[in-house]
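K.L.:
I'd like to ask you about the structure that follows.
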Amino acid sequence: MQAAQVEVNAGRMSNALLKRLDLSRGDKWDAMVKGVWDVANLPDPTGIVTYATQLDDDLELYRVTCPIGVLLVIFEARPEVVVNIAALAIKSGNAAILKGGKESTRTTLLLSRVISEGLAQTTLPSTYIQSIQTRAEVSALLALDQYIDLVIPRGSNSLVKNIQNNTRIPVMGHADGLCHVYLDESADLEKATRIVLDSKVDYPSACNAVETLIVHTALLHTVWPKVAKALLAADVHLLCDPNTLAALHASRLQLENLESHVSVALESSYDTEHLDLKLSVIALPSAATAFCRGVDSAGTFINASTRFSDGFRYGFGTEVGISTGRIHARGPVGLEGLVIYKQDKGHVVGEFGVGEGKRSYKHTPIETTTVPF
């Protein structure tokens with residue numbers, strides 16, 4: 001952390017990145033350790049029957065969960081992710097190769113070494129969880145589709161797109177965390193203020209921190225100035241559209257930092273993951289129901305902070321990432337997102353069909369969660 005602070009002082013690293021590197025910040029270390037124990041105490045996600053049916057006498061079909069195989073996970077400079085992913089991979093029966101951001105290389109290597117030493121004391125090989133350091137290693141691994149079964153890139157849209165364009169391996173992307181909070185015309189002032197503040201201020205550099213606040217036009221001269229006052233008091237910089245900006249200047253409230261912390265938003269402001277104490281604001285004549293049902297998002301919340309979008313808070317122990325795509329795993333990805341399934345049955349298909357002497361399928365449901373073999 002001392003070396004990282006030198007980089008910040010020299011202008012080569014942002015304060016937001018420094019906070020991500022700091023495992024001693026708040027309860028980050030304790031939460032990381034608790035996440036490992038929580039994952040360990042969860043049920044085994046493999047070998048579970050998700051569908052079972054009797055096709056005929058003594059002919060049964062079972063769909064059973066199983067590991068994906070080998071995971072290649074590329075993530076930002078956030079050292080606790082090494083431990084999170086290792087715990088989920090081991091519990092779900094997947095091997096993993098991990099590549100963290102270059103700013104956290106030393107910590108990543110140290111944590112990986114500790115994990116390997118722990119694995120050496122079990123029946124699993126010490127190389128079950130491995131770490132790599134360079135982009136050249138990533139490029140080489142992306143060509144090994146016969147050995148690696150899933151790539152999970154965590155980071156910007158450009159990173160995810162670059163990975164997708166340079167591999168034949170399936171990709172589950174964790175892209176920009178562009179979280180929005182919408183204040184509906186029926187919003188309660190106290191609740192709105194608490195939720196917006198928590199979403200922005202609790203951990204601004206996290207991917208589930210809010211980046212854009214949408215304000216119903218009916219609140220421009222009532223709730224919005226009071227929410228803005230709380231944000232400004234918390235040292236948040238507001239990037240406002242013309243309507244929300246005009247409402248602040250017309251307000252009779254004493255708004256500290258109004259001149260220094262409030263400015264006009266650019267169009268690009270609403271597509272930016274600030275990862276800092278900055279918040280884009282826009283006024284729209286929308287409705288809560290339309291927002292929740294119509295928004296293209298991996299998670300929508302009513303009267304709750306965006307910071308709840310997290311595997312630990314969902315009860316998954318931890319998460320391998322937050323999938324923003326539309327494949328089987330979406331939102332915070334825990335153990336269930338790291339297993340697939342296979343079908344098990346017996347007998348021959350030639351006995352079944354239409355016509356004399358042919359047998360018909362029964363398709364009688366079987367109530368079970370485990371296979372009988």
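Numbering starts fresh at 1 for the residues of each chain in the structure tokens, the chains themselves are lettered A, B, ... in the order given, and ligands are numbered from 1 as they appear.
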Would you kindly return, as a PyMOL selection string, each protein, DNA or RNA residue with an atom no farther than 8 Å from any atom of range 297-306 of chain A, considering only C-alpha atoms and excluding same-chain residues fewer than 2 positions away?

P.N.:
chain A and resi 179-181+191-192+195-196+198-199+208-210+292+295+308-309+323-325+330-331

K.L.:
Restricting the output to N, CA and C atoms, write the selected residues as a PDB file, in the first residue's frame.

P.N.:
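Final output, out-v2.pdb:
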ATOM      1  N   CYS A 179     -24.780   1.415 -12.697  1.00  0.00           N
ATOM      2  CA  CYS A 179     -25.965   1.303 -11.853  1.00  0.00           C
ATOM      3  C   CYS A 179     -26.729   2.626 -11.801  1.00  0.00           C
ATOM      4  N   HIS A 180     -28.043   2.532 -11.853  1.00  0.00           N
ATOM      5  CA  HIS A 180     -28.917   3.698 -11.808  1.00  0.00           C
ATOM      6  C   HIS A 180     -29.859   3.600 -10.607  1.00  0.00           C
ATOM      7  N   VAL A 181     -30.183   4.759 -10.039  1.00  0.00           N
ATOM      8  CA  VAL A 181     -31.254   4.857  -9.050  1.00  0.00           C
ATOM      9  C   VAL A 181     -32.304   5.804  -9.625  1.00  0.00           C
ATOM     10  N   LYS A 191     -36.424   8.056   2.897  1.00  0.00           N
ATOM     11  CA  LYS A 191     -35.988   6.802   2.279  1.00  0.00           C
ATOM     12  C   LYS A 191     -35.132   7.074   1.039  1.00  0.00           C
ATOM     13  N   ALA A 192     -35.562   8.029   0.233  1.00  0.00           N
ATOM     14  CA  ALA A 192     -34.822   8.363  -0.984  1.00  0.00           C
ATOM     15  C   ALA A 192     -33.418   8.847  -0.642  1.00  0.00           C
ATOM     16  N   ILE A 195     -31.175   5.869   0.636  1.00  0.00           N
ATOM     17  CA  ILE A 195     -30.831   4.905  -0.408  1.00  0.00           C
ATOM     18  C   ILE A 195     -29.839   5.498  -1.405  1.00  0.00           C
ATOM     19  N   VAL A 196     -30.066   6.733  -1.828  1.00  0.00           N
ATOM     20  CA  VAL A 196     -29.153   7.359  -2.785  1.00  0.00           C
ATOM     21  C   VAL A 196     -27.767   7.544  -2.163  1.00  0.00           C
ATOM     22  N   ASP A 198     -26.375   5.830   0.330  1.00  0.00           N
ATOM     23  CA  ASP A 198     -25.735   4.528   0.510  1.00  0.00           C
ATOM     24  C   ASP A 198     -25.232   3.992  -0.832  1.00  0.00           C
ATOM     25  N   SER A 199     -26.028   4.150  -1.877  1.00  0.00           N
ATOM     26  CA  SER A 199     -25.656   3.633  -3.194  1.00  0.00           C
ATOM     27  C   SER A 199     -24.409   4.306  -3.735  1.00  0.00           C
ATOM     28  N   ASN A 208     -20.948  -1.922  -7.978  1.00  0.00           N
ATOM     29  CA  ASN A 208     -22.377  -1.799  -7.689  1.00  0.00           C
ATOM     30  C   ASN A 208     -22.729  -0.469  -7.021  1.00  0.00           C
ATOM     31  N   ALA A 209     -21.814   0.500  -7.113  1.00  0.00           N
ATOM     32  CA  ALA A 209     -22.129   1.858  -6.656  1.00  0.00           C
ATOM     33  C   ALA A 209     -22.926   2.563  -7.757  1.00  0.00           C
ATOM     34  N   VAL A 210     -23.858   3.411  -7.379  1.00  0.00           N
ATOM     35  CA  VAL A 210     -24.695   4.088  -8.369  1.00  0.00           C
ATOM     36  C   VAL A 210     -23.857   5.118  -9.132  1.00  0.00           C
ATOM     37  N   CYS A 292     -38.742  -0.550 -13.630  1.00  0.00           N
ATOM     38  CA  CYS A 292     -38.345  -1.879 -13.148  1.00  0.00           C
ATOM     39  C   CYS A 292     -38.564  -2.974 -14.184  1.00  0.00           C
ATOM     40  N   VAL A 295     -36.261  -1.749 -17.797  1.00  0.00           N
ATOM     41  CA  VAL A 295     -34.825  -1.540 -17.816  1.00  0.00           C
ATOM     42  C   VAL A 295     -34.097  -2.841 -18.135  1.00  0.00           C
ATOM     43  N   PHE A 308     -26.748  -3.636  -2.816  1.00  0.00           N
ATOM     44  CA  PHE A 308     -27.215  -4.984  -2.503  1.00  0.00           C
ATOM     45  C   PHE A 308     -26.907  -5.975  -3.621  1.00  0.00           C
ATOM     46  N   SER A 309     -26.522  -5.486  -4.786  1.00  0.00           N
ATOM     47  CA  SER A 309     -26.175  -6.371  -5.900  1.00  0.00           C
ATOM     48  C   SER A 309     -24.806  -6.983  -5.631  1.00  0.00           C
ATOM     49  N   SER A 323     -22.599 -11.083 -13.700  1.00  0.00           N
ATOM     50  CA  SER A 323     -22.797 -11.265 -15.137  1.00  0.00           C
ATOM     51  C   SER A 323     -23.843 -10.282 -15.650  1.00  0.00           C
ATOM     52  N   THR A 324     -23.455  -9.492 -16.649  1.00  0.00           N
ATOM     53  CA  THR A 324     -24.376  -8.517 -17.229  1.00  0.00           C
ATOM     54  C   THR A 324     -24.906  -8.969 -18.581  1.00  0.00           C
ATOM     55  N   GLY A 325     -24.632 -10.219 -18.950  1.00  0.00           N
ATOM     56  CA  GLY A 325     -25.123 -10.750 -20.228  1.00  0.00           C
ATOM     57  C   GLY A 325     -26.474 -11.407 -20.083  1.00  0.00           C
ATOM     58  N   ARG A 330     -26.924 -14.734 -14.579  1.00  0.00           N
ATOM     59  CA  ARG A 330     -27.054 -13.286 -14.715  1.00  0.00           C
ATOM     60  C   ARG A 330     -27.137 -12.661 -13.333  1.00  0.00           C
ATOM     61  N   GLY A 331     -26.489 -11.506 -13.164  1.00  0.00           N
ATOM     62  CA  GLY A 331     -26.391 -10.901 -11.855  1.00  0.00           C
ATOM     63  C   GLY A 331     -25.224 -11.529 -11.101  1.00  0.00           C
TER      64      GLY A 331
END

K.L.:
For the strand (DSSP E or B) assignment from backbone DSSP, which residues of range 106-345 of chain A qualify? Please present them as an MDAnalysis selection string.

P.N.:
chainID A and resid 129:132 150:154 171 174 179:183 210:216 237:240 262:264 278:284 321:323 331:333 339:344

K.L.:
Please return, as a PyMOL selection string, all residues of range 54-300 of chain A that DSSP assigns to helix (DSSP H, G or I) on the basis of the backbone.

P.N.:
chain A and resi 80-92+102-119+135-142+157-165+189-201+217-219+223-233+242-250+258-261+267-271+288-294

K.L.:
Do you know which residues are at most 6 Å from Val333 in chain A counting only C-alpha atoms, after dropping those on the same chain fewer than 4 positions away, and could you put them as a JSON list (two decimals) with C-alpha atoms, in the first residue's frame?

P.N.:
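Saved result, part38.json, follows:
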[["chain", "number", "residue", "atom", "x", "y", "z"],
["A", 319, "GLU", "CA", -19.29, -14.22, -6.19],
["A", 320, "VAL", "CA", -17.09, -14.94, -9.18],
["A", 321, "GLY", "CA", -18.48, -11.78, -10.78],
["A", 322, "ILE", "CA", -21.70, -10.02, -11.74],
["A", 337, "GLY", "CA", -23.62, -20.26, -11.99]]

K.L.:
Find, counting only C-alpha atoms, the residue in A:Arg63, A:Lys342, A:His274, A:Lys102 that gets nearest to Cys207 in chain A.

P.N.:
A:His274

K.L.:
Extract, using only C-alpha atoms, all DNA, RNA and protein residues at most 8 Å from Thr65 in chain A, discarding same-chain residues fewer than 5 positions from it, and format them as a PyMOL selection string.

P.N.:
chain A and resi 45-50+339-342

K.L.:
Suppose we keep N, CA, C and O atoms; can you now write the selection as a PDB file, in the first residue's frame?

P.N.:
ATOM      1  N   PRO A  45     -22.978 -27.981  -4.900  1.00  0.00           N
ATOM      2  CA  PRO A  45     -23.848 -27.696  -6.044  1.00  0.00           C
ATOM      3  C   PRO A  45     -23.806 -28.753  -7.127  1.00  0.00           C
ATOM      4  O   PRO A  45     -24.578 -28.703  -8.085  1.00  0.00           O
ATOM      5  N   THR A  46     -22.903 -29.738  -7.001  1.00  0.00           N
ATOM      6  CA  THR A  46     -22.795 -30.773  -8.022  1.00  0.00           C
ATOM      7  C   THR A  46     -23.551 -32.036  -7.604  1.00  0.00           C
ATOM      8  O   THR A  46     -23.794 -32.269  -6.417  1.00  0.00           O
ATOM      9  N   GLY A  47     -23.922 -32.836  -8.597  1.00  0.00           N
ATOM     10  CA  GLY A  47     -24.623 -34.087  -8.327  1.00  0.00           C
ATOM     11  C   GLY A  47     -26.081 -33.915  -7.957  1.00  0.00           C
ATOM     12  O   GLY A  47     -26.722 -34.857  -7.478  1.00  0.00           O
ATOM     13  N   ILE A  48     -26.637 -32.726  -8.202  1.00  0.00           N
ATOM     14  CA  ILE A  48     -28.044 -32.464  -7.869  1.00  0.00           C
ATOM     15  C   ILE A  48     -28.918 -32.730  -9.092  1.00  0.00           C
ATOM     16  O   ILE A  48     -28.620 -32.283 -10.197  1.00  0.00           O
ATOM     17  N   VAL A  49     -29.983 -33.456  -8.897  1.00  0.00           N
ATOM     18  CA  VAL A  49     -30.926 -33.739  -9.979  1.00  0.00           C
ATOM     19  C   VAL A  49     -31.851 -32.531 -10.154  1.00  0.00           C
ATOM     20  O   VAL A  49     -32.574 -32.160  -9.233  1.00  0.00           O
ATOM     21  N   THR A  50     -31.814 -31.905 -11.335  1.00  0.00           N
ATOM     22  CA  THR A  50     -32.680 -30.754 -11.603  1.00  0.00           C
ATOM     23  C   THR A  50     -33.893 -31.153 -12.450  1.00  0.00           C
ATOM     24  O   THR A  50     -34.822 -30.359 -12.592  1.00  0.00           O
ATOM     25  N   VAL A 339     -21.911 -24.348 -12.395  1.00  0.00           N
ATOM     26  CA  VAL A 339     -22.172 -25.756 -12.725  1.00  0.00           C
ATOM     27  C   VAL A 339     -23.059 -25.817 -13.965  1.00  0.00           C
ATOM     28  O   VAL A 339     -23.824 -24.899 -14.250  1.00  0.00           O
ATOM     29  N   ILE A 340     -22.888 -26.891 -14.721  1.00  0.00           N
ATOM     30  CA  ILE A 340     -23.763 -27.175 -15.851  1.00  0.00           C
ATOM     31  C   ILE A 340     -24.444 -28.500 -15.544  1.00  0.00           C
ATOM     32  O   ILE A 340     -24.503 -28.922 -14.393  1.00  0.00           O
ATOM     33  N   TYR A 341     -24.964 -29.205 -16.536  1.00  0.00           N
ATOM     34  CA  TYR A 341     -25.594 -30.483 -16.236  1.00  0.00           C
ATOM     35  C   TYR A 341     -25.384 -31.465 -17.375  1.00  0.00           C
ATOM     36  O   TYR A 341     -25.007 -31.110 -18.488  1.00  0.00           O
ATOM     37  N   LYS A 342     -25.575 -32.725 -17.057  1.00  0.00           N
ATOM     38  CA  LYS A 342     -25.513 -33.791 -18.055  1.00  0.00           C
ATOM     39  C   LYS A 342     -26.701 -34.706 -17.845  1.00  0.00           C
ATOM     40  O   LYS A 342     -27.312 -34.728 -16.770  1.00  0.00           O
TER      41      LYS A 342
END

K.L.:
Can you tell me which residues surround range 161-171 of chain A at a distance of at most 6 Å, considering only C-alpha atoms, apart from same-chain residues fewer than 4 positions away, and format the answer as a ChimeraX atom specification?

P.N.:
/A:142,145,150-152

K.L.:
Next, write the just-selected residues to a file, as a tab-separated table (two decimals), in the first residue's frame, keeping C-alpha atoms as the atom set.

P.N.:
chain	number	residue	atom	x	y	z
A	142	LEU	CA	-7.29	-17.79	-24.96
A	145	ASP	CA	-10.14	-23.90	-26.20
A	150	LEU	CA	-15.10	-20.83	-19.71
A	151	VAL	CA	-13.54	-17.36	-19.64
A	152	ILE	CA	-14.86	-14.84	-17.11

K.L.:
Point out the residue among A:Ala89, A:Ile132, A:Ala233, A:Met32 with the least atom-to-atom distance to Gly334 in chain A, counting only C-alpha atoms.

P.N.:
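Distance minimum relative to Gly334 in chain A lands on A:Ala89.
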
K.L.:
With distances taken over only C-alpha atoms, which residue among A:Ala187, A:Asp296, A:Asn157, A:Val349 lies nearest Thr272 in chain A?

P.N.:
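Looking only at the distances to Thr272 in chain A, the closest residue turns out to be A:Asn157.
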
K.L.:
Which one of A:Ile74, A:Ser104, A:Lys278, A:Leu178 sits closest to Ser139 in chain A if you count only C-alpha atoms?

P.N.:
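The shortest atom-to-atom distance to Ser139 in chain A comes from A:Ile74.
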